[in-house]
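Peer 1: File work-v2.txt below, compact mmCIF, C-alpha atoms:
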# COMPACT_ATOMS: atom_id res chain seq x y z
CA MET X 1 -10.75 -3.93 -24.60
CA SER X 2 -13.43 -5.90 -22.78
CA ASP X 3 -16.67 -4.25 -21.84
CA ASP X 4 -16.69 -2.83 -18.29
CA ARG X 5 -19.93 -4.66 -17.54
CA GLU X 6 -18.33 -8.09 -18.00
CA ARG X 7 -16.84 -9.82 -14.98
CA ALA X 8 -13.06 -9.79 -15.01
CA THR X 9 -11.11 -12.95 -14.25
CA TRP X 10 -8.65 -13.13 -11.37
CA GLY X 11 -5.88 -13.53 -13.92
CA GLU X 12 -6.84 -10.24 -15.55
CA GLY X 13 -7.00 -8.63 -12.12
CA LEU X 14 -3.56 -9.90 -11.16
CA ARG X 15 -2.01 -8.62 -14.37
CA PHE X 16 -3.69 -5.25 -13.77
CA ALA X 17 -2.32 -5.24 -10.20
CA PHE X 18 1.25 -6.09 -11.15
CA GLY X 19 1.20 -3.73 -14.12
CA THR X 20 -0.08 -0.84 -12.01
CA LEU X 21 1.58 -1.41 -8.65
CA SER X 22 5.06 -2.60 -9.61
CA VAL X 23 7.87 -2.19 -12.11
CA LEU X 24 7.58 -5.84 -13.10
CA ARG X 25 6.79 -6.23 -16.77
CA VAL X 26 3.44 -7.94 -17.37
CA ARG X 27 0.98 -7.86 -20.23
CA VAL X 28 -2.16 -6.04 -19.09
CA ASP X 29 -4.95 -7.43 -21.28
CA ARG X 30 -7.74 -5.47 -19.70
CA TRP X 31 -7.88 -1.92 -18.33
CA ASP X 32 -11.33 -1.18 -16.93
CA ARG X 33 -13.19 -0.92 -13.64
CA ALA X 34 -14.03 -4.62 -13.50
CA ALA X 35 -10.36 -5.60 -13.78
CA GLY X 36 -9.40 -2.76 -11.44
CA GLY X 37 -11.70 -4.05 -8.73
CA ARG X 38 -10.20 -7.52 -9.00
CA ALA X 39 -6.73 -5.98 -8.92
CA MET X 40 -7.34 -4.14 -5.67
CA VAL X 41 -8.55 -7.33 -3.96
CA ALA X 42 -5.62 -9.32 -5.39
CA ALA X 43 -3.08 -6.61 -4.53
CA PRO X 44 -1.72 -8.50 -1.47
CA VAL X 45 -0.27 -11.03 -3.93
CA VAL X 46 1.81 -8.18 -5.35
CA GLY X 47 2.84 -7.44 -1.77
CA VAL X 48 4.02 -11.03 -1.32
CA VAL X 49 6.20 -10.88 -4.43
CA LEU X 50 7.65 -7.41 -3.89
CA GLY X 51 7.95 -7.95 -0.13
CA GLY X 52 9.70 -11.26 -0.69
CA ILE X 53 12.29 -9.64 -2.95
CA ALA X 54 12.87 -6.76 -0.52
CA ALA X 55 12.96 -9.13 2.46
CA GLY X 56 15.63 -11.24 0.79
CA ALA X 57 17.73 -8.20 -0.04
CA GLY X 58 17.35 -6.79 3.47
CA ALA X 59 18.19 -10.10 5.13
CA LEU X 60 21.31 -10.53 3.00
CA VAL X 61 22.57 -7.04 3.79
CA ALA X 62 21.68 -7.38 7.48
CA TRP X 63 23.57 -10.68 7.67
CA ARG X 64 26.73 -9.08 6.26
CA ALA X 65 26.49 -5.46 7.45
CA GLY X 66 24.03 -5.21 10.34
CA GLY X 67 20.36 -4.53 10.93
CA LEU X 68 20.36 -0.80 10.15
CA LEU X 69 21.79 -1.21 6.64
CA GLY X 70 19.53 -4.21 6.12
CA ALA X 71 16.54 -2.04 6.92
CA VAL X 72 17.70 0.69 4.54
CA ALA X 73 18.19 -1.90 1.80
CA ALA X 74 14.72 -3.39 2.29
CA VAL X 75 12.98 0.01 2.26
CA GLY X 76 15.03 1.11 -0.75
CA VAL X 77 14.27 -2.03 -2.75
CA LEU X 78 10.55 -1.73 -2.06
CA ALA X 79 10.61 1.90 -3.19
CA ALA X 80 12.47 0.95 -6.36
CA LEU X 81 10.06 -1.90 -7.14
CA THR X 82 7.13 0.53 -7.04
CA ARG X 83 8.91 3.50 -8.67
CA GLY X 84 8.28 5.34 -5.41
CA LEU X 85 4.58 5.47 -6.36
CA HIS X 86 3.20 5.10 -2.84
CA LEU X 87 5.74 7.45 -1.30
CA ASP X 88 4.84 10.08 -3.87
CA GLY X 89 1.17 9.64 -2.98
CA LEU X 90 1.94 10.01 0.72
CA ALA X 91 3.78 13.28 0.12
CA ASP X 92 1.04 14.67 -2.14
CA VAL X 93 -1.72 13.82 0.33
CA ALA X 94 0.27 15.41 3.17
CA ASP X 95 0.58 18.60 1.12
CA GLY X 96 -3.12 18.54 0.27
CA LEU X 97 -4.25 17.97 3.84
CA GLY X 98 -1.74 20.44 5.23
CA SER X 99 -2.66 23.21 2.83
CA GLY X 100 -5.88 24.06 4.68
CA LYS X 101 -7.46 25.01 1.35
CA PRO X 102 -10.88 24.00 -0.04
CA ALA X 103 -11.10 20.53 -1.60
CA GLU X 104 -10.75 21.73 -5.21
CA ASP X 105 -7.61 23.73 -4.43
CA ALA X 106 -6.15 20.94 -2.28
CA LEU X 107 -6.65 18.44 -5.11
CA ARG X 108 -4.89 20.84 -7.49
CA ILE X 109 -1.95 21.07 -5.07
CA MET X 110 -1.79 17.26 -4.95
CA LYS X 111 -1.54 17.07 -8.76
CA GLN X 112 1.47 19.38 -8.91
CA SER X 113 4.81 17.69 -9.55
CA ASP X 114 6.69 19.45 -6.74
CA ILE X 115 6.63 18.47 -3.05
CA GLY X 116 5.85 21.05 -0.39
CA PRO X 117 7.06 21.24 3.22
CA PHE X 118 4.26 19.05 4.61
CA GLY X 119 5.11 16.35 2.07
CA VAL X 120 8.84 16.47 2.79
CA LEU X 121 8.33 16.28 6.55
CA THR X 122 5.86 13.40 6.25
CA LEU X 123 8.17 11.44 3.95
CA VAL X 124 11.15 11.89 6.25
CA LEU X 125 9.23 10.83 9.35
CA ALA X 126 7.61 7.83 7.62
CA LEU X 127 10.90 6.54 6.21
CA LEU X 128 12.70 7.05 9.51
CA ALA X 129 9.96 5.14 11.33
CA GLN X 130 10.08 2.28 8.83
CA ILE X 131 13.87 2.00 8.93
CA ALA X 132 14.05 2.25 12.73
CA ALA X 133 11.40 -0.43 13.21
CA LEU X 134 12.95 -2.75 10.63
CA ALA X 135 16.45 -2.29 12.04
CA GLU X 136 15.20 -3.53 15.41
CA GLN X 137 13.61 -6.58 13.77
CA PHE X 138 16.74 -7.40 11.75
CA ASP X 139 18.90 -6.99 14.86
CA ALA X 140 16.73 -9.60 16.58
CA SER X 141 17.25 -12.04 13.69
CA THR X 142 17.43 -11.90 9.91
CA GLY X 143 14.36 -14.13 9.69
CA ARG X 144 12.35 -11.86 11.92
CA GLY X 145 13.39 -8.82 9.92
CA ALA X 146 12.47 -10.53 6.65
CA LEU X 147 9.02 -11.39 8.00
CA ALA X 148 8.53 -7.79 9.10
CA VAL X 149 9.35 -6.55 5.59
CA LEU X 150 6.93 -9.06 4.09
CA ALA X 151 4.16 -8.19 6.56
CA SER X 152 4.47 -4.46 5.90
CA ALA X 153 4.43 -4.96 2.12
CA VAL X 154 1.34 -7.18 2.31
CA ALA X 155 -0.48 -4.84 4.71
CA ALA X 156 0.19 -1.92 2.36
CA ARG X 157 -1.61 -3.72 -0.45
CA CYS X 158 -4.43 -4.96 1.80
CA ALA X 159 -5.23 -1.32 2.49
CA LEU X 160 -5.91 -0.67 -1.20
CA ALA X 161 -9.05 -2.81 -1.22
CA TRP X 162 -10.45 -0.87 1.74
CA GLY X 163 -9.81 2.38 -0.08
CA CYS X 164 -11.85 1.13 -3.03
CA LEU X 165 -14.99 0.04 -1.17
CA ARG X 166 -18.24 0.69 -2.99
CA SER X 167 -19.17 3.28 -0.38
CA VAL X 168 -16.08 5.38 -1.20
CA PRO X 169 -16.45 7.69 -4.24
CA PRO X 170 -13.68 9.14 -6.43
CA ALA X 171 -12.62 12.68 -5.55
CA ARG X 172 -12.34 13.66 -9.22
CA PRO X 173 -12.89 12.11 -12.65
CA GLY X 174 -9.97 10.49 -14.41
CA GLY X 175 -6.84 8.79 -13.16
CA LEU X 176 -6.30 5.54 -11.31
CA GLY X 177 -8.42 6.64 -8.36
CA ALA X 178 -11.52 7.06 -10.53
CA MET X 179 -10.77 3.78 -12.31
CA VAL X 180 -10.82 1.68 -9.13
CA ALA X 181 -13.02 3.72 -6.77
CA SER X 182 -16.20 2.00 -5.55
CA THR X 183 -15.26 -1.36 -7.11
CA VAL X 184 -14.71 -3.58 -4.04
CA THR X 185 -17.38 -5.12 -1.82
CA PRO X 186 -16.83 -5.20 1.96
CA GLY X 187 -16.85 -9.01 1.87
CA ALA X 188 -14.06 -9.10 -0.70
CA ALA X 189 -11.95 -6.65 1.32
CA VAL X 190 -12.42 -8.70 4.49
CA ALA X 191 -11.65 -11.96 2.68
CA GLY X 192 -8.47 -10.59 1.07
CA THR X 193 -7.14 -9.16 4.32
CA ALA X 194 -8.04 -12.28 6.30
CA ALA X 195 -6.33 -14.56 3.77
CA ALA X 196 -3.19 -12.42 3.90
CA ALA X 197 -3.21 -12.41 7.71
CA LEU X 198 -3.60 -16.20 7.88
CA ALA X 199 -0.75 -16.72 5.41
CA LEU X 200 1.50 -14.45 7.47
CA ALA X 201 0.52 -16.29 10.66
CA ALA X 202 1.58 -19.56 9.06
CA LEU X 203 4.92 -18.10 7.96
CA GLY X 204 5.45 -16.60 11.41
CA ALA X 205 4.85 -19.99 13.03
CA LEU X 206 7.67 -21.43 10.94
CA ASP X 207 9.99 -18.80 12.43
CA GLY X 208 8.71 -19.40 15.95
CA SER X 209 6.75 -16.14 16.22
CA PRO X 210 3.56 -15.99 18.33
CA ALA X 211 0.58 -17.00 16.20
CA LEU X 212 -1.22 -13.67 16.33
CA ARG X 213 1.76 -11.32 16.20
CA LEU X 214 1.93 -10.72 12.45
CA PRO X 215 -1.86 -10.77 11.85
CA ALA X 216 -2.37 -8.30 14.72
CA ALA X 217 0.26 -5.96 13.27
CA VAL X 218 -1.36 -6.14 9.82
CA ALA X 219 -4.77 -5.40 11.34
CA LEU X 220 -3.40 -2.39 13.21
CA GLY X 221 -1.58 -1.10 10.14
CA THR X 222 -4.68 -1.48 7.98
CA GLY X 223 -6.67 0.29 10.68
CA CYS X 224 -4.31 3.26 10.49
CA ALA X 225 -4.85 3.39 6.73
CA TRP X 226 -8.61 3.30 7.29
CA LEU X 227 -8.40 6.33 9.58
CA LEU X 228 -6.48 8.20 6.89
CA LEU X 229 -9.10 7.18 4.32
CA ARG X 230 -11.91 8.62 6.44
CA ARG X 231 -10.00 11.88 6.80
CA CYS X 232 -9.35 12.10 3.07
CA VAL X 233 -12.96 11.36 2.12
CA ARG X 234 -14.17 14.10 4.45
CA ARG X 235 -11.52 16.52 3.20
CA PHE X 236 -11.44 15.79 -0.55
CA GLY X 237 -14.83 14.17 -1.13
CA GLY X 238 -13.39 10.80 -2.13
CA ILE X 239 -10.20 9.03 -3.17
CA THR X 240 -7.51 9.64 -5.76
CA GLY X 241 -4.53 7.53 -6.75
CA ASP X 242 -2.47 9.62 -4.32
CA VAL X 243 -4.83 8.74 -1.47
CA LEU X 244 -4.43 5.04 -2.23
CA GLY X 245 -0.65 5.43 -2.24
CA ALA X 246 -0.77 7.29 1.06
CA MET X 247 -2.95 4.54 2.53
CA ALA X 248 -0.42 1.92 1.45
CA GLU X 249 2.50 3.72 3.09
CA THR X 250 0.45 4.40 6.21
CA ALA X 251 -0.48 0.72 6.50
CA ALA X 252 3.14 -0.34 6.03
CA THR X 253 4.42 2.12 8.63
CA GLY X 254 1.63 1.26 11.06
CA THR X 255 2.37 -2.45 10.71
CA LEU X 256 6.07 -1.98 11.43
CA PHE X 257 5.30 0.31 14.37
CA ALA X 258 2.94 -2.34 15.75
CA LEU X 259 5.58 -5.04 15.39
CA ALA X 260 8.04 -2.87 17.33
CA LEU X 261 5.48 -2.39 20.11
CA LEU X 262 4.54 -6.08 20.19
CA GLY X 263 8.20 -7.03 20.62
Output the structure of this file as structure tokens.

Peer 2:
Amino acid sequence: MSDDRERATWGEGLRFAFGTLSVLRVRVDRWDRAAGGRAMVAAPVVGVVLGGIAAGAGALVAWRAGGLLGAVAAVGVLAALTRGLHLDGLADVADGLGSGKPAEDALRIMKQSDIGPFGVLTLVLALLAQIAALAEQFDASTGRGALAVLASAVAARCALAWGCLRSVPPARPGGLGAMVASTVTPGAAVAGTAAAALALAALGALDGSPALRLPAAVALGTGCAWLLLRRCVRRFGGITGDVLGAMAETAATGTLFALALLG
């Protein structure tokens, strides 16, 4: 394994990102903080690939069976492509925050394999919100629904870089959170999110969407994830892998909610 002090290449970061954030089989040549930092900045590329697959599946189902089933298909495919990793993180963080216990006890609750009532309720509400928002987009047109799926998947991965800013410490040693915590500069997070927003704006223009509609939704979704991050840092003392997963789902849900409000 390469020394952590050496700069990782973007190729090593991308392999780290795909190997960690998806079920796609890739060879991860390097597993250290340098590669992890690159991976968190490059994570929107994973969102493009996974979101594109889910968008295609959702559009096909919506074309044949209607917007609601198309939305269910898209959300289900995204969950399958990530092994439900982000959803699991969302449920664990909800249980930890809802427990009202000191940070050490809350972190222990988050590590348990079972899901408590706060986690179940949060998962149900988040999935219902995602499906309802996507169903509306698919009912408008299959292209619009596909773009909404893609935007939410990209926004979810943009949020990861913000969760790994150098000013954000790990909540505990060990695990993915400690591996990638404090590895991303603010400039890199801004650049990655801006590049993703510009790419989505270009795709939206091809479909006839207003130029700022998709970038604005991504910005709002990422902002929701940032608010969750601040709450988690105050509550737990830093981030864990579960917090990053919760941020991803919050950004995705916030983006879809914004798209529904923007019309």

Peer 1: What gap, in Å, lies between CA of Ala216 (chain X) and CA of Ala197 (chain X)?

Peer 2: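 Here the two named atoms are 8.2 Å from each other.
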
Peer 1: Can you work out the spacing between CA of Ala153 (chain X) and CA of Trp31 (chain X) in Å, to one decimal?

Peer 2: 24.1 Å

Peer 1: Skipping near chain neighbours, those fewer than 3 positions away, what residues fall within 8 Å of Gly51 (chain X) using all atoms listed in the file, listed as a PDB file with C-alpha atoms, in the coordinates of the input?

Peer 2:
ATOM      1  CA  GLY X  47       2.840  -7.440  -1.770  1.00  0.00           C
ATOM      2  CA  VAL X  48       4.020 -11.030  -1.320  1.00  0.00           C
ATOM      3  CA  ALA X  54      12.870  -6.760  -0.520  1.00  0.00           C
ATOM      4  CA  ALA X  55      12.960  -9.130   2.460  1.00  0.00           C
ATOM      5  CA  LEU X  78      10.550  -1.730  -2.060  1.00  0.00           C
ATOM      6  CA  VAL X 149       9.350  -6.550   5.590  1.00  0.00           C
ATOM      7  CA  LEU X 150       6.930  -9.060   4.090  1.00  0.00           C
ATOM      8  CA  ALA X 151       4.160  -8.190   6.560  1.00  0.00           C
ATOM      9  CA  SER X 152       4.470  -4.460   5.900  1.00  0.00           C
ATOM     10  CA  ALA X 153       4.430  -4.960   2.120  1.00  0.00           C
ATOM     11  CA  VAL X 154       1.340  -7.180   2.310  1.00  0.00           C
TER      12      VAL X 154
END

Peer 1: Give the answer as one residue: which of X:Ala196, X:Val233, X:Ala132, X:Ala191 has the shortest atom-to-atom distance to Ser167 (chain X), using all atoms listed in the file?

Peer 2: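 Ranking X:Ala196, X:Val233, X:Ala132, X:Ala191 by distance to Ser167 (chain X), first place goes to X:Val233.
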
Peer 1: Between X:Leu107, X:Ala59, X:Leu229, X:Leu123, which is the closest to Val168 (chain X) once you count only C-alpha atoms?

Peer 2: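 Ranked by minimum distance to Val168 (chain X), first place goes to X:Leu229.
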
Peer 1: May I have a table of the residues of region 84-134 of chain X lying at most 12 Å from region 173-177 of chain X, giving each one's closest pair of atoms and their distance in Å to one decimal, counting all atoms listed in the file, ordered by chain and ascending residue number, as CSV?

Peer 2:
residue,atom,partner,partner_atom,distance
X:Leu85,CA,X:Leu176,CA,12.0
X:Gly89,CA,X:Gly177,CA,11.4
X:Leu107,CA,X:Pro173,CA,11.7
X:Lys111,CA,X:Gly175,CA,10.8

Peer 1: Counting all atoms listed in the file, figure out which residue out of X:Gly37, X:Gly56, X:Gly145, X:Pro102 gets nearest to Leu14 (chain X).

Peer 2: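 For Leu14 (chain X), the nearest of the given residues is X:Gly37.
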
Peer 1: Taking all atoms listed in the file into account, which of X:Val190, X:Ala159, X:Leu60, X:Val120 comes nearest Ser141 (chain X)?

Peer 2: X:Leu60

Peer 1: Could you write out as AutoDock Vina command-line options the box around region 77-91 of chain X (axis-aligned, all atoms listed in the file, 5 Å on each side), with centre and edge lengths in Å to one decimal?

Peer 2:
--center_x 7.7 --center_y 5.6 --center_z -4.0 --size_x 23.1 --size_y 25.3 --size_z 19.4

Peer 1: Is it possible to get the residues within 12 Å of (-5.2, 0.1, 12.7) (coordinates as in the file, counting all atoms listed in the file) written as a list in words?

Peer 2: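 Using all atoms listed in the file, the matching residues come out as Ala155, Ala156, Ala159, Pro215, Ala216, Ala217, Val218, Ala219, Leu220, Gly221, Thr222, Gly223, Cys224, Ala225, Trp226, Leu227, Leu228, Leu229, Met247, Thr250, Ala251, Ala252, Thr253, Gly254, Thr255, Leu256, Phe257 and Ala258 of chain X.
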
Peer 1: Keeping only C-alpha atoms, take the residues you just selected and write them out as a tab-separated table (two decimals), in the coordinates of the input.

Peer 2:
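For reference, selection.tsv as written:
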chain	number	residue	atom	x	y	z
X	155	ALA	CA	-0.48	-4.84	4.71
X	156	ALA	CA	0.19	-1.92	2.36
X	159	ALA	CA	-5.23	-1.32	2.49
X	215	PRO	CA	-1.86	-10.77	11.85
X	216	ALA	CA	-2.37	-8.30	14.72
X	217	ALA	CA	0.26	-5.96	13.27
X	218	VAL	CA	-1.36	-6.14	9.82
X	219	ALA	CA	-4.77	-5.40	11.34
X	220	LEU	CA	-3.40	-2.39	13.21
X	221	GLY	CA	-1.58	-1.10	10.14
X	222	THR	CA	-4.68	-1.48	7.98
X	223	GLY	CA	-6.67	0.29	10.68
X	224	CYS	CA	-4.31	3.26	10.49
X	225	ALA	CA	-4.85	3.39	6.73
X	226	TRP	CA	-8.61	3.30	7.29
X	227	LEU	CA	-8.40	6.33	9.58
X	228	LEU	CA	-6.48	8.20	6.89
X	229	LEU	CA	-9.10	7.18	4.32
X	247	MET	CA	-2.95	4.54	2.53
X	250	THR	CA	0.45	4.40	6.21
X	251	ALA	CA	-0.48	0.72	6.50
X	252	ALA	CA	3.14	-0.34	6.03
X	253	THR	CA	4.42	2.12	8.63
X	254	GLY	CA	1.63	1.26	11.06
X	255	THR	CA	2.37	-2.45	10.71
X	256	LEU	CA	6.07	-1.98	11.43
X	257	PHE	CA	5.30	0.31	14.37
X	258	ALA	CA	2.94	-2.34	15.75

Peer 1: With distances taken over only C-alpha atoms, which of X:Ala146, X:Val46, X:Ala189, X:Val75 is nearest to Arg166 (chain X)?

Peer 2: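 Comparing X:Ala146, X:Val46, X:Ala189, X:Val75 against Arg166 (chain X), the winner is X:Ala189.
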
Peer 1: Got a sec: who's within 10 Å of His86 (chain X), counting all atoms listed in the file, leaving out chain neighbours fewer than 6 positions off, as a list of chain:residue names?

Peer 2: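 Here the answer would be X:Leu21, X:Ala79, X:Asp92, X:Ala156, X:Gly241, X:Asp242, X:Val243, X:Leu244, X:Gly245, X:Ala246, X:Met247, X:Ala248, X:Glu249, X:Thr250.
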
Peer 1: Could those selected residues go to a file with C-alpha atoms, as a short mmCIF file (atom, residue, chain, number, x, y, z; two decimals), keeping the file's coordinate frame?

Peer 2:
data_model
loop_
_atom_site.label_atom_id
_atom_site.label_comp_id
_atom_site.auth_asym_id
_atom_site.auth_seq_id
_atom_site.Cartn_x
_atom_site.Cartn_y
_atom_site.Cartn_z
CA LEU X 21 1.58 -1.41 -8.65
CA ALA X 79 10.61 1.90 -3.19
CA ASP X 92 1.04 14.67 -2.14
CA ALA X 156 0.19 -1.92 2.36
CA GLY X 241 -4.53 7.53 -6.75
CA ASP X 242 -2.47 9.62 -4.32
CA VAL X 243 -4.83 8.74 -1.47
CA LEU X 244 -4.43 5.04 -2.23
CA GLY X 245 -0.65 5.43 -2.24
CA ALA X 246 -0.77 7.29 1.06
CA MET X 247 -2.95 4.54 2.53
CA ALA X 248 -0.42 1.92 1.45
CA GLU X 249 2.50 3.72 3.09
CA THR X 250 0.45 4.40 6.21
#

Peer 1: Point out the residue among X:Pro44, X:Gly52, X:Gly84, X:Gly76 with the least atom-to-atom distance to Val23 (chain X), counting only C-alpha atoms.

Peer 2: X:Gly84

Peer 1: Report, in Å with one decimal, the straight-line distance from CA of Phe18 (chain X) to CA of Ala135 (chain X).

Peer 2: 28.0 Å

Peer 1: For Gly187 (chain X), find every residue with an atom within 12 Å (counting all atoms listed in the file), except residues of its own chain fewer than 6 positions away, and show them as a PyMOL selection string.

Peer 2: chain X and resi 41+161-162+165-166+193-194

Peer 1: As number ranges by chain, please: the residues near Gly204 (chain X) (cut-off 10 Å, only C-alpha atoms, same-chain neighbours under 3 positions excluded).

Peer 2: X: 143-144, 147-148, 151, 198-201, 207-215
